[in-house]
Every structure is written in C-alpha cells, then in structure tokens.
>>> print(open('structure_20.cif').read())   # mmCIF, N, CA and C atoms
data_structure
loop_
_atom_site.label_atom_id
_atom_site.label_comp_id
_atom_site.auth_asym_id
_atom_site.auth_seq_id
_atom_site.Cartn_x
_atom_site.Cartn_y
_atom_site.Cartn_z
N MET A 1 -2.66 -17.71 -0.31
CA MET A 1 -3.48 -17.78 -1.49
C MET A 1 -3.36 -19.18 -2.07
N THR A 2 -4.47 -19.79 -2.31
CA THR A 2 -4.46 -21.14 -2.86
C THR A 2 -5.08 -21.12 -4.26
N GLN A 3 -4.82 -22.15 -5.02
CA GLN A 3 -5.43 -22.26 -6.34
C GLN A 3 -6.95 -22.40 -6.22
N THR A 4 -7.40 -23.09 -5.18
CA THR A 4 -8.85 -23.23 -4.96
C THR A 4 -9.47 -21.86 -4.66
N GLY A 5 -8.85 -21.08 -3.79
CA GLY A 5 -9.35 -19.74 -3.49
C GLY A 5 -9.38 -18.87 -4.73
N ASN A 6 -8.35 -18.95 -5.54
CA ASN A 6 -8.29 -18.20 -6.78
C ASN A 6 -9.42 -18.62 -7.72
N ALA A 7 -9.65 -19.92 -7.86
CA ALA A 7 -10.71 -20.42 -8.74
C ALA A 7 -12.08 -19.98 -8.22
N TRP A 8 -12.31 -20.10 -6.92
CA TRP A 8 -13.60 -19.69 -6.35
C TRP A 8 -13.84 -18.20 -6.58
N PHE A 9 -12.83 -17.38 -6.27
CA PHE A 9 -12.98 -15.94 -6.46
C PHE A 9 -13.29 -15.63 -7.93
N THR A 10 -12.55 -16.25 -8.83
CA THR A 10 -12.75 -16.02 -10.26
C THR A 10 -14.16 -16.36 -10.67
N LEU A 11 -14.65 -17.50 -10.25
CA LEU A 11 -15.99 -17.92 -10.64
C LEU A 11 -17.08 -17.11 -9.93
N LEU A 12 -16.87 -16.76 -8.66
CA LEU A 12 -17.86 -15.94 -7.94
C LEU A 12 -18.01 -14.56 -8.56
N THR A 13 -16.94 -14.05 -9.15
CA THR A 13 -17.00 -12.73 -9.78
C THR A 13 -17.39 -12.82 -11.25
N GLN A 14 -17.80 -14.00 -11.68
CA GLN A 14 -18.30 -14.26 -13.03
C GLN A 14 -17.25 -14.02 -14.10
N ASN A 15 -15.99 -14.19 -13.75
CA ASN A 15 -14.90 -14.09 -14.72
C ASN A 15 -14.81 -15.46 -15.40
N THR A 16 -15.01 -15.50 -16.69
CA THR A 16 -15.04 -16.78 -17.40
C THR A 16 -13.72 -17.10 -18.11
N ALA A 17 -12.67 -16.34 -17.83
CA ALA A 17 -11.38 -16.61 -18.47
C ALA A 17 -10.78 -17.90 -17.90
N PRO A 18 -10.68 -18.98 -18.69
CA PRO A 18 -10.21 -20.27 -18.18
C PRO A 18 -8.76 -20.23 -17.70
N LEU A 19 -8.02 -19.22 -18.06
CA LEU A 19 -6.63 -19.11 -17.62
C LEU A 19 -6.52 -19.03 -16.10
N HIS A 20 -7.61 -18.64 -15.43
CA HIS A 20 -7.59 -18.49 -13.97
C HIS A 20 -8.07 -19.71 -13.21
N PHE A 21 -8.80 -20.65 -13.84
CA PHE A 21 -9.38 -21.75 -13.07
C PHE A 21 -9.32 -23.11 -13.76
N ASP A 22 -8.96 -23.17 -15.02
CA ASP A 22 -8.94 -24.44 -15.75
C ASP A 22 -7.50 -24.93 -15.91
N GLN A 23 -7.13 -25.91 -15.08
CA GLN A 23 -5.76 -26.44 -15.07
C GLN A 23 -5.35 -26.95 -16.45
N GLN A 24 -6.22 -27.68 -17.10
CA GLN A 24 -5.91 -28.24 -18.42
C GLN A 24 -5.64 -27.13 -19.43
N TYR A 25 -6.51 -26.15 -19.49
CA TYR A 25 -6.34 -25.02 -20.41
C TYR A 25 -5.04 -24.27 -20.09
N ALA A 26 -4.86 -23.93 -18.80
CA ALA A 26 -3.70 -23.14 -18.39
C ALA A 26 -2.39 -23.87 -18.62
N SER A 27 -2.42 -25.21 -18.59
CA SER A 27 -1.18 -25.97 -18.80
C SER A 27 -0.62 -25.76 -20.20
N HIS A 28 -1.44 -25.32 -21.13
CA HIS A 28 -0.99 -25.07 -22.50
C HIS A 28 -0.66 -23.60 -22.74
N ALA A 29 -0.86 -22.76 -21.74
CA ALA A 29 -0.56 -21.33 -21.86
C ALA A 29 0.89 -21.06 -21.46
N GLU A 30 1.30 -19.83 -21.57
CA GLU A 30 2.69 -19.41 -21.34
C GLU A 30 3.26 -19.85 -19.99
N PHE A 31 2.47 -19.76 -18.91
CA PHE A 31 3.00 -20.03 -17.57
C PHE A 31 2.80 -21.48 -17.12
N GLY A 32 2.03 -22.26 -17.85
CA GLY A 32 1.87 -23.67 -17.57
C GLY A 32 0.95 -24.02 -16.42
N ARG A 33 0.35 -23.03 -15.80
CA ARG A 33 -0.57 -23.26 -14.69
C ARG A 33 -1.52 -22.08 -14.60
N PRO A 34 -2.63 -22.22 -13.87
CA PRO A 34 -3.56 -21.10 -13.75
C PRO A 34 -2.91 -19.87 -13.12
N LEU A 35 -3.25 -18.72 -13.65
CA LEU A 35 -2.74 -17.46 -13.11
C LEU A 35 -3.69 -16.92 -12.05
N VAL A 36 -3.12 -16.24 -11.07
CA VAL A 36 -3.94 -15.60 -10.05
C VAL A 36 -4.72 -14.46 -10.70
N ASN A 37 -6.00 -14.42 -10.43
CA ASN A 37 -6.88 -13.37 -10.94
C ASN A 37 -6.39 -12.03 -10.39
N SER A 38 -6.18 -11.06 -11.28
CA SER A 38 -5.64 -9.77 -10.84
C SER A 38 -6.59 -9.05 -9.88
N ALA A 39 -7.91 -9.24 -10.04
CA ALA A 39 -8.85 -8.63 -9.10
C ALA A 39 -8.68 -9.26 -7.71
N PHE A 40 -8.40 -10.56 -7.66
CA PHE A 40 -8.14 -11.23 -6.39
C PHE A 40 -6.87 -10.64 -5.75
N THR A 41 -5.88 -10.36 -6.56
CA THR A 41 -4.63 -9.78 -6.06
C THR A 41 -4.89 -8.44 -5.39
N ILE A 42 -5.63 -7.55 -6.05
CA ILE A 42 -5.86 -6.22 -5.46
C ILE A 42 -6.73 -6.32 -4.21
N VAL A 43 -7.71 -7.24 -4.21
CA VAL A 43 -8.55 -7.43 -3.02
C VAL A 43 -7.72 -7.96 -1.86
N LEU A 44 -6.87 -8.93 -2.12
CA LEU A 44 -6.03 -9.52 -1.08
C LEU A 44 -5.06 -8.49 -0.49
N VAL A 45 -4.39 -7.74 -1.35
CA VAL A 45 -3.43 -6.75 -0.87
C VAL A 45 -4.14 -5.61 -0.14
N THR A 46 -5.32 -5.22 -0.61
CA THR A 46 -6.10 -4.21 0.11
C THR A 46 -6.42 -4.73 1.51
N GLY A 47 -6.85 -5.98 1.60
CA GLY A 47 -7.14 -6.56 2.91
C GLY A 47 -5.92 -6.61 3.81
N GLN A 48 -4.76 -6.92 3.25
CA GLN A 48 -3.53 -6.96 4.04
C GLN A 48 -3.15 -5.58 4.56
N SER A 49 -3.58 -4.53 3.87
CA SER A 49 -3.22 -3.17 4.28
C SER A 49 -4.17 -2.56 5.30
N VAL A 50 -5.28 -3.24 5.61
CA VAL A 50 -6.27 -2.66 6.52
C VAL A 50 -5.68 -2.31 7.88
N SER A 51 -4.94 -3.20 8.49
CA SER A 51 -4.43 -2.92 9.84
C SER A 51 -3.47 -1.74 9.87
N ASP A 52 -2.79 -1.45 8.76
CA ASP A 52 -1.85 -0.34 8.71
C ASP A 52 -2.44 0.95 8.15
N ILE A 53 -3.39 0.83 7.22
CA ILE A 53 -3.88 2.01 6.52
C ILE A 53 -5.32 2.36 6.84
N SER A 54 -6.21 1.37 6.86
CA SER A 54 -7.62 1.73 6.90
C SER A 54 -8.44 1.00 7.97
N GLN A 55 -7.83 0.67 9.09
CA GLN A 55 -8.56 0.00 10.17
C GLN A 55 -9.79 0.80 10.57
N ASN A 56 -9.67 2.12 10.56
CA ASN A 56 -10.76 2.99 10.98
C ASN A 56 -11.40 3.71 9.80
N VAL A 57 -11.49 3.02 8.67
CA VAL A 57 -12.01 3.64 7.46
C VAL A 57 -13.50 3.96 7.59
N MET A 58 -13.91 5.07 7.03
CA MET A 58 -15.33 5.37 6.92
C MET A 58 -15.78 5.16 5.49
N ALA A 59 -14.84 5.20 4.51
CA ALA A 59 -15.21 4.96 3.12
C ALA A 59 -13.96 4.77 2.26
N ASN A 60 -14.02 3.84 1.33
CA ASN A 60 -13.02 3.76 0.27
C ASN A 60 -13.45 4.75 -0.80
N LEU A 61 -12.52 5.54 -1.30
CA LEU A 61 -12.86 6.53 -2.31
C LEU A 61 -12.34 6.15 -3.68
N GLY A 62 -11.39 5.21 -3.75
CA GLY A 62 -10.93 4.79 -5.06
C GLY A 62 -9.58 4.13 -5.06
N TRP A 63 -9.30 3.40 -6.12
CA TRP A 63 -8.01 2.79 -6.39
C TRP A 63 -7.54 3.36 -7.72
N ASP A 64 -6.37 3.93 -7.77
CA ASP A 64 -5.85 4.53 -8.99
C ASP A 64 -4.45 3.99 -9.29
N GLU A 65 -4.04 4.16 -10.52
CA GLU A 65 -2.68 3.82 -10.93
C GLU A 65 -2.30 2.39 -10.54
N VAL A 66 -3.21 1.44 -10.76
CA VAL A 66 -2.96 0.04 -10.43
C VAL A 66 -2.00 -0.54 -11.46
N ARG A 67 -0.92 -1.15 -11.00
CA ARG A 67 0.06 -1.79 -11.87
C ARG A 67 0.33 -3.18 -11.32
N LEU A 68 0.36 -4.17 -12.22
CA LEU A 68 0.57 -5.57 -11.82
C LEU A 68 1.77 -6.14 -12.58
N PRO A 69 2.99 -5.81 -12.16
CA PRO A 69 4.16 -6.33 -12.88
C PRO A 69 4.35 -7.84 -12.74
N THR A 70 3.76 -8.45 -11.70
CA THR A 70 3.80 -9.90 -11.48
C THR A 70 2.67 -10.26 -10.53
N ARG A 71 2.85 -11.19 -9.60
CA ARG A 71 1.76 -11.57 -8.69
C ARG A 71 2.15 -11.49 -7.22
N CYS A 72 1.24 -11.85 -6.26
CA CYS A 72 1.32 -11.44 -4.85
C CYS A 72 1.69 -12.47 -3.79
N SER A 73 2.28 -12.01 -2.67
CA SER A 73 2.54 -12.82 -1.50
C SER A 73 2.61 -12.01 -0.22
N LYS A 74 3.43 -10.98 -0.14
CA LYS A 74 3.69 -10.27 1.10
C LYS A 74 3.50 -8.76 0.91
N ALA A 75 2.85 -8.09 1.84
CA ALA A 75 2.60 -6.66 1.68
C ALA A 75 3.67 -5.81 2.34
N THR A 76 4.09 -4.77 1.66
CA THR A 76 4.94 -3.74 2.23
C THR A 76 4.26 -2.42 1.93
N LEU A 77 4.17 -1.53 2.92
CA LEU A 77 3.34 -0.35 2.77
C LEU A 77 4.11 0.94 3.00
N SER A 78 3.68 1.98 2.33
CA SER A 78 4.09 3.33 2.66
C SER A 78 2.84 4.19 2.55
N THR A 79 2.76 5.23 3.37
CA THR A 79 1.56 6.04 3.36
C THR A 79 1.93 7.50 3.26
N ARG A 80 0.96 8.29 2.83
CA ARG A 80 1.14 9.73 2.70
C ARG A 80 -0.17 10.37 3.10
N CYS A 81 -0.12 11.34 3.99
CA CYS A 81 -1.33 12.01 4.44
C CYS A 81 -1.42 13.38 3.79
N ARG A 82 -2.64 13.84 3.60
CA ARG A 82 -2.85 15.18 3.06
C ARG A 82 -4.11 15.76 3.66
N LYS A 83 -4.31 17.05 3.47
CA LYS A 83 -5.52 17.68 3.99
C LYS A 83 -6.73 17.11 3.30
N CYS A 84 -7.80 17.03 4.02
CA CYS A 84 -9.02 16.45 3.50
C CYS A 84 -10.18 17.40 3.76
N TRP A 85 -11.22 17.26 2.98
CA TRP A 85 -12.38 18.15 3.11
C TRP A 85 -13.22 17.86 4.35
N ARG A 86 -12.97 16.76 5.03
CA ARG A 86 -13.70 16.44 6.26
C ARG A 86 -12.77 16.61 7.44
N PRO A 87 -13.13 17.42 8.43
CA PRO A 87 -12.21 17.69 9.54
C PRO A 87 -11.94 16.48 10.43
N ASP A 88 -12.81 15.46 10.41
CA ASP A 88 -12.62 14.31 11.29
C ASP A 88 -11.91 13.15 10.61
N SER A 89 -11.35 13.39 9.42
CA SER A 89 -10.74 12.29 8.69
C SER A 89 -9.56 12.77 7.87
N ARG A 90 -8.88 11.82 7.21
CA ARG A 90 -7.77 12.15 6.34
C ARG A 90 -7.70 11.15 5.20
N ALA A 91 -7.06 11.52 4.13
CA ALA A 91 -6.87 10.61 3.00
C ALA A 91 -5.47 10.02 3.08
N VAL A 92 -5.32 8.76 2.68
CA VAL A 92 -4.06 8.04 2.78
C VAL A 92 -3.73 7.43 1.43
N GLY A 93 -2.42 7.25 1.12
CA GLY A 93 -1.98 6.95 -0.22
C GLY A 93 -1.49 5.66 -0.77
N ARG A 94 -0.26 5.43 -1.00
CA ARG A 94 0.28 4.40 -1.88
C ARG A 94 0.48 3.07 -1.17
N THR A 95 0.13 1.98 -1.86
CA THR A 95 0.32 0.63 -1.34
C THR A 95 1.07 -0.18 -2.39
N SER A 96 1.95 -1.05 -1.93
CA SER A 96 2.63 -1.96 -2.85
C SER A 96 2.80 -3.30 -2.15
N ALA A 97 2.96 -4.34 -2.94
CA ALA A 97 3.18 -5.67 -2.38
C ALA A 97 4.28 -6.35 -3.17
N SER A 98 5.07 -7.14 -2.47
CA SER A 98 6.17 -7.87 -3.07
C SER A 98 6.11 -9.33 -2.65
N LYS A 99 6.66 -10.19 -3.48
CA LYS A 99 6.84 -11.59 -3.08
C LYS A 99 7.90 -11.63 -1.99
N GLN A 100 8.05 -12.79 -1.35
CA GLN A 100 9.04 -12.91 -0.30
C GLN A 100 10.46 -12.71 -0.82
N ASP A 101 10.67 -12.93 -2.13
CA ASP A 101 12.01 -12.71 -2.70
C ASP A 101 12.24 -11.26 -3.10
N GLY A 102 11.26 -10.38 -2.82
CA GLY A 102 11.41 -8.96 -3.11
C GLY A 102 10.87 -8.52 -4.46
N THR A 103 10.41 -9.45 -5.29
CA THR A 103 9.86 -9.10 -6.59
C THR A 103 8.56 -8.32 -6.41
N LEU A 104 8.49 -7.12 -7.02
CA LEU A 104 7.29 -6.30 -6.91
C LEU A 104 6.13 -6.96 -7.62
N VAL A 105 4.98 -7.02 -6.96
CA VAL A 105 3.81 -7.71 -7.46
C VAL A 105 2.74 -6.74 -7.92
N ILE A 106 2.45 -5.74 -7.09
CA ILE A 106 1.37 -4.79 -7.38
C ILE A 106 1.67 -3.47 -6.69
N THR A 107 1.28 -2.40 -7.34
CA THR A 107 1.29 -1.08 -6.70
C THR A 107 -0.03 -0.40 -7.05
N PHE A 108 -0.53 0.39 -6.12
CA PHE A 108 -1.71 1.19 -6.42
C PHE A 108 -1.81 2.33 -5.44
N ARG A 109 -2.49 3.38 -5.88
CA ARG A 109 -2.80 4.49 -5.01
C ARG A 109 -4.23 4.28 -4.55
N ARG A 110 -4.41 4.19 -3.25
CA ARG A 110 -5.73 3.95 -2.67
C ARG A 110 -6.11 5.16 -1.84
N THR A 111 -7.24 5.71 -2.12
CA THR A 111 -7.72 6.86 -1.38
C THR A 111 -8.86 6.42 -0.49
N VAL A 112 -8.72 6.69 0.79
CA VAL A 112 -9.73 6.29 1.77
C VAL A 112 -9.97 7.44 2.74
N MET A 113 -11.13 7.43 3.33
CA MET A 113 -11.43 8.37 4.41
C MET A 113 -11.25 7.59 5.70
N VAL A 114 -10.33 8.05 6.55
CA VAL A 114 -10.03 7.36 7.81
C VAL A 114 -10.32 8.33 8.95
N TYR A 115 -11.03 7.86 9.96
CA TYR A 115 -11.28 8.70 11.12
C TYR A 115 -9.97 9.09 11.78
N ARG A 116 -9.84 10.32 12.17
CA ARG A 116 -8.67 10.74 12.94
C ARG A 116 -8.80 10.15 14.35
N ARG A 117 -7.66 10.02 15.00
CA ARG A 117 -7.63 9.44 16.34
C ARG A 117 -8.63 10.16 17.25
N GLY A 118 -9.47 9.37 17.90
CA GLY A 118 -10.45 9.90 18.84
C GLY A 118 -11.71 10.47 18.20
N ARG A 119 -11.83 10.38 16.88
CA ARG A 119 -12.99 10.98 16.22
C ARG A 119 -13.93 9.93 15.60
N GLY A 120 -13.61 8.66 15.69
CA GLY A 120 -14.42 7.62 15.12
C GLY A 120 -15.62 7.27 15.98
N PRO A 121 -16.45 6.34 15.54
CA PRO A 121 -17.61 5.93 16.32
C PRO A 121 -17.18 5.38 17.68
N SER A 122 -17.97 5.69 18.70
CA SER A 122 -17.70 5.16 20.05
C SER A 122 -18.27 3.76 20.14
N ILE A 123 -17.46 2.84 20.62
CA ILE A 123 -17.92 1.46 20.80
C ILE A 123 -17.94 1.20 22.30
N PRO A 124 -19.14 0.93 22.85
CA PRO A 124 -19.22 0.72 24.29
C PRO A 124 -18.45 -0.53 24.70
N GLU A 125 -17.82 -0.44 25.86
CA GLU A 125 -17.08 -1.60 26.36
C GLU A 125 -18.09 -2.63 26.89
N VAL A 126 -17.77 -3.89 26.70
CA VAL A 126 -18.61 -4.96 27.20
C VAL A 126 -18.06 -5.42 28.54
N ALA A 127 -18.92 -5.41 29.52
CA ALA A 127 -18.50 -5.83 30.86
C ALA A 127 -18.33 -7.35 30.88
N PRO A 128 -17.26 -7.82 31.53
CA PRO A 128 -17.08 -9.28 31.61
C PRO A 128 -18.24 -9.92 32.37
N SER A 129 -18.65 -11.10 31.93
CA SER A 129 -19.77 -11.77 32.61
C SER A 129 -19.31 -12.79 33.61
#
>>> encode(input="structure_20.cif", output="structure tokens")
Amino acid sequence: MTQTGNAWFTLLTQNTAPLHFDQQYASHAEFGRPLVNSAFTIVLVTGQSVSDISQNVMANLGWDEVRLPTRCSKATLSTRCRKCWRPDSRAVGRTSASKQDGTLVITFRRTVMVYRRGRGPSIPEVAPS
C-alpha cells in the first residue's frame, strides 16, 4: 500500500476528507501524515482473502461487524462454514488482518456464496498452440 494508491483510491471514491490525501493538512493532525482510507483497508484485505476464502465466489452477500482498531499490512484468516440455502454453495465467515508486528488492523465478518468443490462453472481447457 502506497500513499499514492491511498490518495488515488480516496479521490476516486469521492472522499473529500483531506486527512487521507493532503500531506500539508495531515501534517498538522494527530498522526502527522495522511491516514489510510478505511474503505481502502477493507477492500485491500478483502482482496487478500480471495485466494483463501472466495476464489470461487458467486456473490458477496455482505460485510458485518467491521472494526478498525488501527491500519493494514498482512492478512491472517480464519473461516467458518455453515449450511446455506443453496445446495451448490456455502457461506464463509470471519476475516482479520494484522501488521507484520502482530498489531490487529481490521476484523470483519464477510458472508459470501462460494461454489462447492466440483459445482462451479466449467471452464474449457485451452489446447496448447
């Protein structure tokens, strides 16, 4: 995550809070530098969890209980499965991320519909040319 990426994301999402992109303004605030946009944090951590949680997602159903005790760097995941109303899928649960020093950055409950093994769309193999 770079300051430029944070500024671009903030401005693309029409967030006008200068604390996220204006170095001069942020230098006079509590932390002395621009803060990472919390929406960028949840998007980044959600993306980091795709390979473990939702690689075969058919739909995101929601993010609940989002808590941001600090900011983001490295993802650590735990999941919980439960019965779902669709026989070809399942719902999956809790995600958290910590900095490399172990400081908790974000936690949220993410509900997604994920195809069960062997039940997702068939992708034809491409023959080598």
>>> residues_near_point(input="structure_20.cif", point="(1.2, 3.2, -6.8)", cutoff="6 Å", atoms="only C-alpha atoms", output="list in words")
Glu65, Arg94, Thr107, Phe108 and Arg109 of chain A
>>> atom_distance(input="structure_20.cif", atom1="CA of Ser98 (chain A)", atom2="CA of Ala17 (chain A)")
24.9 Å
>>> resolve_selection(input="structure_20.cif", expression="the PyMOL selection byres ((chain A and resi 104) around 8)", output="ChimeraX atom specification")
/A:67-72,96-99,101-103,105-107
>>> atom_distance(input="structure_20.cif", atom1="CA of Tyr25 (chain A)", atom2="CA of Leu12 (chain A)")
19.3 Å
>>> atom_distance(input="structure_20.cif", atom1="CA of Thr10 (chain A)", atom2="atom N of Ala26 (chain A)")
14.1 Å
>>> closest_residue(input="structure_20.cif", among="A:Pro34, A:Gly62, A:Leu44, A:Gln3", to="Leu19 (chain A)", atoms="all atoms listed in the file")
A:Pro34
>>> residues_around(input="structure_20.cif", residues="Gln23 (chain A)", least_positions_apart="5", cutoff="6.5 Å", atoms="all atoms listed in the file", output="list in words")
Pro18, His28, Arg33 and Pro34 of chain A
